[in-house]
Structure formats: C-alpha cells, structure tokens
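S.K.: Sharing a structure below in structure tokens format, with a few things to ask.
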Amino acid sequence: MASTYGDWIRQRREAAELTQQELADVTVMTRSHIAHIEAGRRVPSEEDARRLDMALNTGDVLRSFRPARDAMVPDYFEAARLLEQQAVMIREFALSYVPGILQTERYARAVLGSSFPRVSDEECDRRVVTRLERAKILDDPVAPAVWVLLDEAVLRRRIGGPDVMAEQLSHIAHLGESGRIQVHVLPYALGSHPLLSNMLTLMWFDDQPPAAYGEGLHMGKLHDSPSVVQDLQHRYDFALGNALPHSESLALLRATARDYERHD
C-alpha cells in the first residue's frame, strides 16, 4: 500500500482508468472533494469511504482504514480544522486570544502551556507543532483570503510576557502590511458588540456552502445550517462596520508592540 491514504486512492483510481471527475460522478461527490482526499487535505466521511470502496472495488479497505483524526486538537474542533484547510475565504473574530492560524511559536507555546490540567512538555511540543501546521495555509500568497477582526482585549492581554506579545503583534502587523491578511480592531471604547460572547470563524469554499465555527470553554460548534451561518455572517459584518479601518488597526498593532518592547 502507498505511504498515504490519499496516494493509495489515487493509485487505485488510476488503475481503474478513471479521472477524478469520473470517480466523483460515480461516488456522488465533487471533483475538488476527490482532489482534496487524494492530496491528504480532507479525510472522507465513513459514507464517502464506503462509496469509494464500491467504485474502486476495494472491498472494505477505505472505510476500515480511514486515517485517524489528529489527536492534537480537541474532538469538537477536528471537523472545523479540516474545513479550514480547504477554505477559499476565512473571516476570524478573536475575543481573548490571537486566532490559531496567526499565532507565533512562542505565543502558541504560552497559550498551550497554560492549559488546565497542565500537560507534559512533550505533549505541549506536539500541540504547538499542530498549531503551526495550521498556519501554513498562509504560505500561499493569495488563497485563502483572510480577514481578521480582533477585540482590543487580544492586544492588551499579556500572553507569555512583553517580548512574546511584541513579536506576536508585529507578526500580525507584518501580514497586514504585506497585504496577506486584512485586519481590523474593535476598540474598547465601542463597548458591547454582537460578537462579544465568543470567538467565531466563517469559511467559504469552492465546492460547498459556507460554514461557521464558534468556540467557548471546552466546547465548539460547527454550523452549516444556511440560516444560522447567514445570521453569524450578519453579526460579523455589523461588528466589522464598527471596527477601526485596516490602516488604523495596523498603526495600533505597531504602537502596542512598541509599548511591550519598552516594558520588556
């Protein structure tokens, strides 16, 4: 068997002389869904794997040997993590912490190392690696398009010490100044706003309807109901309308980073 699940599916498809589109038609999927599975960016559902087994005449192999989920992320986040890797547009709102895909290594280590109950250094290392792997979606200079809405509390909450915060805020500012992300800060002076209850991620895709993910303490919820997703999009848009413009947000990030550097 090939070294990866996706490689093996591709080999079986090619042996059957099927294109990705032809396999997609037989299994009632989209071509891009097949492409994501073969590339290892998406794990098929049990039903997807069953249909692939039938189409490729592989018995029960693909259903039985579906890759295990990544144990370094909570159960409730796994589905959202997979979708995050496939999104063509992501809009993040952060209430307390910098969004995972924007975290520097030292900031991520400070966040993950303060978990309760505490974990071993080895476990923390594995979780940091997983978080930094998520950030690699920003290595592509174009896709996904990323908008980031930060409550000012994210800038002011000192995670890991002044030097860690200075580095983290400078990293976000650099991504914004380079044009890789669009960033906006919701200032304290605004007071209450429609997203004050928890963090939110909105995702759009080429081959499926948009989805939303919200998270609180030890809980997360992936939403795909069109009415719910639309309501959350409207809340995000309303809050965004009250945020600082991109240029002013970058200036605030840089100024706050300098403050941390002076107090290091």
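Residue numbers start at 1 in each chain; chains themselves are named A, B, ... in the order of the structure tokens; ligands are numbered from 1 in the order shown.
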What's around Arg258 (chain A) at 12 Å? Count only C-alpha atoms, leave out sequence neighbours fewer than 6 positions away in its own chain, and write the answer as a VMD selection string.
M.R.: chain A and resid 155 162 to 170 173 251 to 252 264
S.K.: Compile the contact shell of region 208-223 of chain A as a PyMOL selection string: residues with an atom at most 8 Å away, counting only C-alpha atoms, same-chain residues fewer than 6 positions apart removed.
M.R.: chain A and resi 76-77+79-80+198-202+229+232
S.K.: To one decimal place in Å, what is the distance between CA of Thr104 (chain A) and CA of Thr130 (chain A)?
M.R.: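 Straight-line distance from CA of Thr104 (chain A) to CA of Thr130 (chain A) works out to 12.3 Å.
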S.K.: Set the distance at 8 Å and use only C-alpha atoms: which residues neighbour Val154 (chain A) once local chain neighbours fewer than 3 positions away are removed? I'd like the list as a PyMOL selection string.
M.R.: chain A and resi 94-98+150-151+157
S.K.: Tell me, as a count of residues only, which residues lie within 9 Å of region 34-50 of chain A, counting only C-alpha atoms; anything in the same chain fewer than 4 positions away does not count.
M.R.: 31
S.K.: Name the closest residue to Thr256 (chain A) among the candidates A:Ile172, A:Val142, A:Asp207, A:Cys124; distances are taken between atoms, counting only C-alpha atoms.
M.R.: A:Ile172
S.K.: Report, in Å to a single decimal, how far apart CA of Gln230 (chain A) and CA of Leu190 (chain A) are.
M.R.: 23.6 Å
S.K.: Report as a compact mmCIF listing (two decimals) with all heavy atoms, in the first residue's frame: the residues of region 56-218 of chain A with a DSSP assignment of alpha helix (DSSP H), based on the backbone of this structure.
M.R.:
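Written out: selection.txt:
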# COMPACT_ATOMS: atom_id res chain seq x y z
N LEU A 56 -14.21 1.69 -6.52
CA LEU A 56 -12.86 1.24 -6.85
C LEU A 56 -12.66 -0.25 -6.61
O LEU A 56 -11.55 -0.77 -6.81
CB LEU A 56 -11.84 2.04 -6.03
CG LEU A 56 -11.81 3.55 -6.30
CD1 LEU A 56 -10.89 4.26 -5.33
CD2 LEU A 56 -11.39 3.82 -7.74
N VAL A 61 -11.70 -1.75 2.44
CA VAL A 61 -10.40 -1.21 2.87
C VAL A 61 -10.47 0.27 3.20
O VAL A 61 -10.00 0.71 4.26
CB VAL A 61 -9.34 -1.46 1.78
CG1 VAL A 61 -8.04 -0.75 2.14
CG2 VAL A 61 -9.10 -2.95 1.61
N LEU A 62 -11.04 1.07 2.31
CA LEU A 62 -11.02 2.52 2.51
C LEU A 62 -11.87 2.94 3.71
O LEU A 62 -11.54 3.89 4.41
CB LEU A 62 -11.48 3.23 1.24
CG LEU A 62 -10.56 3.00 0.03
CD1 LEU A 62 -11.15 3.62 -1.22
CD2 LEU A 62 -9.18 3.58 0.31
N ARG A 63 -12.98 2.25 3.93
CA ARG A 63 -13.80 2.57 5.09
C ARG A 63 -13.12 2.13 6.38
O ARG A 63 -13.13 2.84 7.39
CB ARG A 63 -15.17 1.90 4.98
CG ARG A 63 -16.17 2.36 6.05
CD ARG A 63 -17.44 1.53 6.03
NE ARG A 63 -17.17 0.15 6.42
CZ ARG A 63 -17.04 -0.25 7.70
NH1 ARG A 63 -17.14 0.63 8.69
NH2 ARG A 63 -16.80 -1.50 7.98
N SER A 64 -12.49 0.94 6.36
CA SER A 64 -11.88 0.39 7.57
C SER A 64 -10.61 1.11 7.97
O SER A 64 -10.27 1.17 9.16
CB SER A 64 -11.57 -1.10 7.36
OG SER A 64 -12.75 -1.84 7.12
N ASP A 75 -11.70 17.10 20.08
CA ASP A 75 -12.70 16.44 19.23
C ASP A 75 -13.61 17.45 18.55
O ASP A 75 -13.92 17.32 17.37
CB ASP A 75 -13.56 15.49 20.08
CG ASP A 75 -12.79 14.28 20.56
OD1 ASP A 75 -11.78 13.93 19.92
OD2 ASP A 75 -13.19 13.67 21.57
N TYR A 76 -14.05 18.45 19.32
CA TYR A 76 -15.04 19.37 18.79
C TYR A 76 -14.47 20.30 17.71
O TYR A 76 -15.22 20.94 16.99
CB TYR A 76 -15.68 20.20 19.91
CG TYR A 76 -14.71 20.94 20.81
CD1 TYR A 76 -14.08 22.11 20.39
CD2 TYR A 76 -14.45 20.47 22.09
CE1 TYR A 76 -13.19 22.79 21.23
CE2 TYR A 76 -13.56 21.15 22.93
CZ TYR A 76 -12.94 22.31 22.49
OH TYR A 76 -12.07 22.97 23.31
N PHE A 77 -13.12 20.37 17.60
CA PHE A 77 -12.52 21.25 16.60
C PHE A 77 -12.09 20.52 15.33
O PHE A 77 -11.81 21.15 14.31
CB PHE A 77 -11.31 21.98 17.21
CG PHE A 77 -10.62 22.92 16.25
CD1 PHE A 77 -11.28 24.03 15.74
CD2 PHE A 77 -9.31 22.69 15.85
CE1 PHE A 77 -10.66 24.89 14.84
CE2 PHE A 77 -8.68 23.54 14.96
CZ PHE A 77 -9.36 24.64 14.46
N GLU A 78 -12.04 19.21 15.36
CA GLU A 78 -11.45 18.46 14.25
C GLU A 78 -12.11 18.75 12.91
O GLU A 78 -11.44 19.00 11.90
CB GLU A 78 -11.51 16.96 14.55
CG GLU A 78 -11.01 16.06 13.42
CD GLU A 78 -9.54 16.26 13.09
OE1 GLU A 78 -8.84 16.99 13.81
OE2 GLU A 78 -9.08 15.69 12.07
N ALA A 79 -13.44 18.74 12.87
CA ALA A 79 -14.13 18.98 11.59
C ALA A 79 -13.84 20.38 11.08
O ALA A 79 -13.61 20.59 9.88
CB ALA A 79 -15.64 18.78 11.76
N ALA A 80 -13.81 21.36 11.98
CA ALA A 80 -13.51 22.73 11.58
C ALA A 80 -12.07 22.86 11.10
O ALA A 80 -11.79 23.60 10.15
CB ALA A 80 -13.76 23.69 12.75
N ARG A 81 -11.14 22.12 11.71
CA ARG A 81 -9.74 22.16 11.29
C ARG A 81 -9.60 21.67 9.85
O ARG A 81 -8.86 22.25 9.04
CB ARG A 81 -8.87 21.31 12.21
CG ARG A 81 -7.39 21.35 11.88
CD ARG A 81 -6.60 20.36 12.72
NE ARG A 81 -6.89 19.00 12.33
CZ ARG A 81 -6.28 18.35 11.33
NH1 ARG A 81 -5.34 18.97 10.62
NH2 ARG A 81 -6.58 17.11 11.05
N LEU A 82 -10.31 20.60 9.53
CA LEU A 82 -10.24 20.08 8.16
C LEU A 82 -10.81 21.07 7.16
O LEU A 82 -10.26 21.28 6.08
CB LEU A 82 -10.98 18.75 8.08
CG LEU A 82 -10.35 17.58 8.85
CD1 LEU A 82 -11.27 16.37 8.85
CD2 LEU A 82 -8.99 17.23 8.29
N LEU A 83 -11.93 21.71 7.53
CA LEU A 83 -12.53 22.70 6.63
C LEU A 83 -11.63 23.91 6.46
O LEU A 83 -11.56 24.50 5.37
CB LEU A 83 -13.90 23.12 7.16
CG LEU A 83 -15.02 22.08 7.08
CD1 LEU A 83 -16.29 22.63 7.72
CD2 LEU A 83 -15.28 21.67 5.63
N GLU A 84 -10.94 24.29 7.52
CA GLU A 84 -10.04 25.44 7.48
C GLU A 84 -8.98 25.26 6.39
O GLU A 84 -8.58 26.23 5.72
CB GLU A 84 -9.37 25.57 8.85
CG GLU A 84 -8.40 26.71 9.01
CD GLU A 84 -7.80 26.70 10.41
OE1 GLU A 84 -6.96 25.80 10.70
OE2 GLU A 84 -8.18 27.56 11.23
N GLU A 105 5.23 30.91 17.23
CA GLU A 105 5.56 29.72 18.01
C GLU A 105 5.57 30.03 19.50
O GLU A 105 5.01 29.27 20.31
CB GLU A 105 6.91 29.16 17.58
CG GLU A 105 7.30 27.93 18.38
CD GLU A 105 8.60 27.29 17.92
OE1 GLU A 105 9.15 27.74 16.89
OE2 GLU A 105 9.06 26.35 18.59
N ARG A 106 6.18 31.14 19.90
CA ARG A 106 6.27 31.44 21.34
C ARG A 106 4.91 31.78 21.93
O ARG A 106 4.61 31.42 23.07
CB ARG A 106 7.27 32.57 21.58
CG ARG A 106 8.72 32.17 21.28
CD ARG A 106 9.69 33.08 21.99
NE ARG A 106 9.55 34.47 21.55
CZ ARG A 106 10.04 35.51 22.22
NH1 ARG A 106 10.67 35.34 23.37
NH2 ARG A 106 9.90 36.74 21.75
N TYR A 107 4.08 32.48 21.17
CA TYR A 107 2.74 32.80 21.66
C TYR A 107 1.93 31.51 21.80
O TYR A 107 1.25 31.29 22.81
CB TYR A 107 2.06 33.77 20.70
CG TYR A 107 0.70 34.27 21.16
CD1 TYR A 107 0.58 35.48 21.83
CD2 TYR A 107 -0.47 33.54 20.90
CE1 TYR A 107 -0.66 35.95 22.25
CE2 TYR A 107 -1.71 34.01 21.30
CZ TYR A 107 -1.80 35.21 21.98
OH TYR A 107 -3.04 35.66 22.38
N ALA A 108 2.00 30.65 20.78
CA ALA A 108 1.27 29.38 20.84
C ALA A 108 1.71 28.55 22.03
O ALA A 108 0.89 27.93 22.73
CB ALA A 108 1.47 28.60 19.54
N ARG A 109 3.02 28.53 22.28
CA ARG A 109 3.53 27.75 23.40
C ARG A 109 3.04 28.32 24.73
O ARG A 109 2.72 27.56 25.67
CB ARG A 109 5.06 27.72 23.37
CG ARG A 109 5.68 26.75 24.35
CD ARG A 109 7.19 26.65 24.14
NE ARG A 109 7.50 26.19 22.80
CZ ARG A 109 7.47 24.91 22.44
NH1 ARG A 109 7.13 23.98 23.32
NH2 ARG A 109 7.78 24.56 21.20
N ALA A 110 2.95 29.64 24.83
CA ALA A 110 2.46 30.25 26.06
C ALA A 110 0.98 29.92 26.28
O ALA A 110 0.55 29.64 27.40
CB ALA A 110 2.65 31.77 26.00
N VAL A 111 0.20 29.94 25.20
CA VAL A 111 -1.23 29.61 25.30
C VAL A 111 -1.42 28.15 25.67
O VAL A 111 -2.13 27.80 26.62
CB VAL A 111 -1.96 29.92 23.98
CG1 VAL A 111 -3.39 29.38 24.01
CG2 VAL A 111 -1.97 31.42 23.72
N LEU A 112 -0.78 27.27 24.91
CA LEU A 112 -0.98 25.83 25.11
C LEU A 112 -0.33 25.34 26.39
O LEU A 112 -0.78 24.37 26.99
CB LEU A 112 -0.42 25.07 23.90
CG LEU A 112 -1.14 25.37 22.58
CD1 LEU A 112 -0.36 24.79 21.40
CD2 LEU A 112 -2.57 24.82 22.60
N GLY A 113 0.73 26.02 26.81
CA GLY A 113 1.39 25.62 28.05
C GLY A 113 0.66 26.02 29.30
O GLY A 113 0.99 25.57 30.40
N ASP A 121 5.80 18.62 28.81
CA ASP A 121 6.49 19.42 27.80
C ASP A 121 6.40 18.76 26.43
O ASP A 121 6.26 19.45 25.41
CB ASP A 121 7.96 19.60 28.19
CG ASP A 121 8.15 20.50 29.40
OD1 ASP A 121 7.19 21.23 29.74
OD2 ASP A 121 9.23 20.45 30.02
N GLU A 122 6.49 17.43 26.40
CA GLU A 122 6.41 16.72 25.13
C GLU A 122 5.04 16.89 24.48
O GLU A 122 4.93 17.10 23.26
CB GLU A 122 6.71 15.22 25.33
CG GLU A 122 8.14 14.91 25.75
CD GLU A 122 8.40 15.20 27.22
OE1 GLU A 122 7.43 15.46 27.98
OE2 GLU A 122 9.60 15.18 27.61
N GLU A 123 4.01 16.80 25.29
CA GLU A 123 2.65 16.98 24.78
C GLU A 123 2.46 18.41 24.28
O GLU A 123 1.85 18.65 23.23
CB GLU A 123 1.63 16.67 25.88
CG GLU A 123 0.16 16.91 25.50
CD GLU A 123 -0.39 15.86 24.56
OE1 GLU A 123 0.32 14.88 24.26
OE2 GLU A 123 -1.54 16.02 24.12
N CYS A 124 2.96 19.37 25.03
CA CYS A 124 2.87 20.77 24.61
C CYS A 124 3.59 20.98 23.28
O CYS A 124 3.08 21.67 22.39
CB CYS A 124 3.46 21.68 25.68
SG CYS A 124 3.28 23.44 25.33
N ASP A 125 4.75 20.36 23.13
CA ASP A 125 5.50 20.46 21.87
C ASP A 125 4.67 19.96 20.70
O ASP A 125 4.63 20.58 19.63
CB ASP A 125 6.80 19.65 21.95
CG ASP A 125 7.85 20.31 22.84
OD1 ASP A 125 7.71 21.52 23.12
OD2 ASP A 125 8.80 19.61 23.24
N ARG A 126 4.01 18.81 20.88
CA ARG A 126 3.20 18.24 19.79
C ARG A 126 2.04 19.17 19.43
O ARG A 126 1.72 19.34 18.25
CB ARG A 126 2.68 16.86 20.20
CG ARG A 126 3.76 15.78 20.22
CD ARG A 126 3.15 14.40 20.31
NE ARG A 126 2.55 14.15 21.60
CZ ARG A 126 3.19 13.62 22.64
NH1 ARG A 126 4.48 13.29 22.53
NH2 ARG A 126 2.57 13.41 23.79
N ARG A 127 1.44 19.77 20.44
CA ARG A 127 0.32 20.67 20.17
C ARG A 127 0.78 21.94 19.46
O ARG A 127 0.07 22.46 18.59
CB ARG A 127 -0.40 21.01 21.48
CG ARG A 127 -1.07 19.82 22.13
CD ARG A 127 -1.85 20.21 23.37
NE ARG A 127 -2.44 19.04 24.01
CZ ARG A 127 -3.26 19.09 25.06
NH1 ARG A 127 -3.57 20.28 25.59
NH2 ARG A 127 -3.76 17.98 25.58
N VAL A 128 1.95 22.43 19.83
CA VAL A 128 2.49 23.62 19.17
C VAL A 128 2.76 23.32 17.69
O VAL A 128 2.42 24.12 16.81
CB VAL A 128 3.77 24.10 19.87
CG1 VAL A 128 4.48 25.16 19.02
CG2 VAL A 128 3.45 24.67 21.25
N VAL A 129 3.34 22.17 17.41
CA VAL A 129 3.62 21.78 16.02
C VAL A 129 2.32 21.73 15.22
O VAL A 129 2.25 22.23 14.08
CB VAL A 129 4.35 20.43 15.97
CG1 VAL A 129 4.38 19.89 14.54
CG2 VAL A 129 5.76 20.56 16.50
N THR A 130 1.29 21.14 15.80
CA THR A 130 0.00 21.06 15.11
C THR A 130 -0.56 22.45 14.82
O THR A 130 -1.07 22.71 13.73
CB THR A 130 -1.02 20.25 15.95
OG1 THR A 130 -0.53 18.92 16.10
CG2 THR A 130 -2.39 20.21 15.28
N ARG A 131 -0.45 23.34 15.78
CA ARG A 131 -0.95 24.70 15.58
C ARG A 131 -0.16 25.44 14.50
O ARG A 131 -0.75 26.14 13.67
CB ARG A 131 -0.92 25.47 16.90
CG ARG A 131 -1.52 26.87 16.79
CD ARG A 131 -2.09 27.33 18.09
NE ARG A 131 -3.19 26.47 18.55
CZ ARG A 131 -3.90 26.71 19.65
NH1 ARG A 131 -3.67 27.79 20.38
NH2 ARG A 131 -4.86 25.88 20.01
N LEU A 132 1.13 25.27 14.50
CA LEU A 132 1.95 25.93 13.48
C LEU A 132 1.70 25.33 12.09
O LEU A 132 1.80 26.03 11.08
CB LEU A 132 3.43 25.83 13.84
CG LEU A 132 3.84 26.55 15.13
CD1 LEU A 132 5.33 26.36 15.40
CD2 LEU A 132 3.51 28.04 15.05
N GLU A 133 1.36 24.04 12.04
CA GLU A 133 1.00 23.42 10.76
C GLU A 133 -0.25 24.09 10.19
O GLU A 133 -0.35 24.29 8.97
CB GLU A 133 0.76 21.93 10.95
CG GLU A 133 2.02 21.09 11.07
CD GLU A 133 2.81 21.06 9.77
OE1 GLU A 133 2.18 20.91 8.71
OE2 GLU A 133 4.04 21.18 9.83
N ARG A 134 -1.20 24.44 11.05
CA ARG A 134 -2.40 25.12 10.58
C ARG A 134 -2.05 26.44 9.93
O ARG A 134 -2.67 26.83 8.93
CB ARG A 134 -3.36 25.37 11.75
CG ARG A 134 -4.06 24.14 12.30
CD ARG A 134 -4.86 24.49 13.54
NE ARG A 134 -5.78 25.59 13.28
CZ ARG A 134 -6.25 26.41 14.22
NH1 ARG A 134 -5.88 26.27 15.47
NH2 ARG A 134 -7.11 27.38 13.89
N GLU A 152 -10.04 44.48 21.04
CA GLU A 152 -8.83 45.12 21.58
C GLU A 152 -8.25 44.33 22.75
O GLU A 152 -7.03 44.41 23.01
CB GLU A 152 -9.11 46.55 22.00
CG GLU A 152 -7.85 47.32 22.34
CD GLU A 152 -8.11 48.79 22.65
OE1 GLU A 152 -9.21 49.30 22.36
OE2 GLU A 152 -7.17 49.44 23.19
N ALA A 153 -9.09 43.53 23.42
CA ALA A 153 -8.59 42.72 24.53
C ALA A 153 -7.49 41.76 24.09
O ALA A 153 -6.59 41.44 24.88
CB ALA A 153 -9.74 41.92 25.14
N VAL A 154 -7.53 41.32 22.83
CA VAL A 154 -6.49 40.43 22.32
C VAL A 154 -5.14 41.12 22.35
O VAL A 154 -4.11 40.49 22.65
CB VAL A 154 -6.85 39.97 20.89
CG1 VAL A 154 -5.72 39.13 20.30
CG2 VAL A 154 -8.16 39.19 20.88
N LEU A 155 -5.11 42.40 22.06
CA LEU A 155 -3.86 43.16 22.04
C LEU A 155 -3.35 43.44 23.45
O LEU A 155 -2.14 43.49 23.69
CB LEU A 155 -4.04 44.50 21.32
CG LEU A 155 -4.06 44.51 19.79
CD1 LEU A 155 -5.21 43.70 19.22
CD2 LEU A 155 -4.13 45.94 19.29
N ARG A 156 -4.29 43.61 24.38
CA ARG A 156 -3.91 44.06 25.73
C ARG A 156 -3.63 42.91 26.67
O ARG A 156 -2.93 43.10 27.68
CB ARG A 156 -5.04 44.92 26.31
CG ARG A 156 -5.45 46.09 25.44
CD ARG A 156 -4.30 47.05 25.20
NE ARG A 156 -4.71 48.20 24.38
CZ ARG A 156 -3.88 49.12 23.91
NH1 ARG A 156 -2.58 49.04 24.17
NH2 ARG A 156 -4.33 50.12 23.18
N PRO A 162 6.00 40.47 27.80
CA PRO A 162 6.05 41.59 26.85
C PRO A 162 6.74 41.26 25.54
O PRO A 162 6.29 41.67 24.47
CB PRO A 162 6.81 42.67 27.62
CG PRO A 162 6.65 42.32 29.05
CD PRO A 162 6.58 40.83 29.11
N ASP A 163 7.86 40.52 25.59
CA ASP A 163 8.59 40.23 24.36
C ASP A 163 7.80 39.30 23.44
O ASP A 163 7.83 39.45 22.21
CB ASP A 163 9.97 39.65 24.66
CG ASP A 163 9.91 38.36 25.46
OD1 ASP A 163 8.98 38.23 26.29
OD2 ASP A 163 10.79 37.50 25.27
N VAL A 164 7.09 38.35 24.03
CA VAL A 164 6.25 37.45 23.24
C VAL A 164 5.12 38.23 22.58
O VAL A 164 4.82 38.03 21.39
CB VAL A 164 5.67 36.33 24.13
CG1 VAL A 164 4.64 35.50 23.35
CG2 VAL A 164 6.79 35.43 24.63
N MET A 165 4.51 39.15 23.33
CA MET A 165 3.42 39.94 22.77
C MET A 165 3.92 40.88 21.68
O MET A 165 3.25 41.06 20.65
CB MET A 165 2.74 40.75 23.88
CG MET A 165 1.88 39.91 24.82
SD MET A 165 0.52 39.05 23.97
CE MET A 165 -0.41 40.42 23.27
N ALA A 166 5.07 41.48 21.89
CA ALA A 166 5.62 42.38 20.87
C ALA A 166 5.86 41.62 19.57
O ALA A 166 5.53 42.11 18.48
CB ALA A 166 6.92 43.00 21.37
N GLU A 167 6.42 40.44 19.69
CA GLU A 167 6.68 39.62 18.50
C GLU A 167 5.37 39.22 17.82
O GLU A 167 5.25 39.27 16.60
CB GLU A 167 7.47 38.37 18.90
CG GLU A 167 7.74 37.41 17.74
CD GLU A 167 8.39 36.13 18.22
OE1 GLU A 167 7.83 35.47 19.14
OE2 GLU A 167 9.46 35.77 17.69
N GLN A 168 4.38 38.82 18.63
CA GLN A 168 3.11 38.37 18.07
C GLN A 168 2.37 39.50 17.34
O GLN A 168 1.89 39.32 16.22
CB GLN A 168 2.23 37.80 19.18
CG GLN A 168 0.84 37.39 18.73
CD GLN A 168 0.85 36.26 17.74
OE1 GLN A 168 1.04 35.11 18.09
NE2 GLN A 168 0.64 36.57 16.46
N LEU A 169 2.29 40.65 17.96
CA LEU A 169 1.58 41.77 17.33
C LEU A 169 2.32 42.26 16.09
O LEU A 169 1.70 42.65 15.10
CB LEU A 169 1.37 42.90 18.33
CG LEU A 169 0.52 42.55 19.56
CD1 LEU A 169 0.29 43.79 20.42
CD2 LEU A 169 -0.81 41.93 19.17
N SER A 170 3.64 42.22 16.13
CA SER A 170 4.43 42.62 14.96
C SER A 170 4.20 41.64 13.81
O SER A 170 4.16 42.04 12.63
CB SER A 170 5.92 42.67 15.31
OG SER A 170 6.17 43.68 16.26
N HIS A 171 4.05 40.37 14.14
CA HIS A 171 3.77 39.36 13.11
C HIS A 171 2.45 39.63 12.41
O HIS A 171 2.36 39.60 11.18
CB HIS A 171 3.75 37.98 13.77
CG HIS A 171 3.34 36.87 12.85
ND1 HIS A 171 4.07 36.50 11.74
CD2 HIS A 171 2.24 36.05 12.88
CE1 HIS A 171 3.46 35.49 11.12
NE2 HIS A 171 2.35 35.21 11.79
N ILE A 172 1.42 39.94 13.19
CA ILE A 172 0.11 40.24 12.60
C ILE A 172 0.21 41.50 11.75
O ILE A 172 -0.33 41.56 10.64
CB ILE A 172 -0.95 40.41 13.71
CG1 ILE A 172 -1.12 39.11 14.50
CG2 ILE A 172 -2.30 40.82 13.09
CD1 ILE A 172 -2.02 39.25 15.71
N ALA A 173 0.89 42.52 12.28
CA ALA A 173 1.03 43.77 11.53
C ALA A 173 1.77 43.53 10.21
O ALA A 173 1.39 44.09 9.17
CB ALA A 173 1.78 44.80 12.37
N HIS A 174 2.80 42.70 10.23
CA HIS A 174 3.54 42.40 9.00
C HIS A 174 2.64 41.73 7.97
O HIS A 174 2.67 42.08 6.78
CB HIS A 174 4.73 41.51 9.32
CG HIS A 174 5.43 40.98 8.10
ND1 HIS A 174 6.20 41.78 7.29
CD2 HIS A 174 5.42 39.75 7.52
CE1 HIS A 174 6.67 41.06 6.28
NE2 HIS A 174 6.21 39.83 6.39
N LEU A 175 1.83 40.76 8.42
CA LEU A 175 0.92 40.10 7.49
C LEU A 175 -0.08 41.09 6.90
O LEU A 175 -0.44 41.00 5.72
CB LEU A 175 0.17 38.97 8.21
CG LEU A 175 1.00 37.74 8.58
CD1 LEU A 175 0.18 36.80 9.48
CD2 LEU A 175 1.46 36.99 7.34
N GLY A 176 -0.52 42.03 7.74
CA GLY A 176 -1.45 43.04 7.25
C GLY A 176 -0.80 44.03 6.30
O GLY A 176 -1.37 44.40 5.28
N GLU A 177 0.40 44.46 6.62
CA GLU A 177 1.11 45.42 5.78
C GLU A 177 1.53 44.82 4.43
O GLU A 177 1.59 45.53 3.42
CB GLU A 177 2.35 45.94 6.52
CG GLU A 177 1.99 46.85 7.69
CD GLU A 177 3.13 47.03 8.67
OE1 GLU A 177 4.17 46.33 8.53
OE2 GLU A 177 2.99 47.85 9.59
S.K.: Check region 130-169 of chain A with DSSP on the backbone and list each residue it calls strand (DSSP E or B), as a list of chain:residue names.
M.R.: A:Ala145, A:Val146, A:Trp147, A:Val148, A:Leu149, A:Leu150, A:Asp151
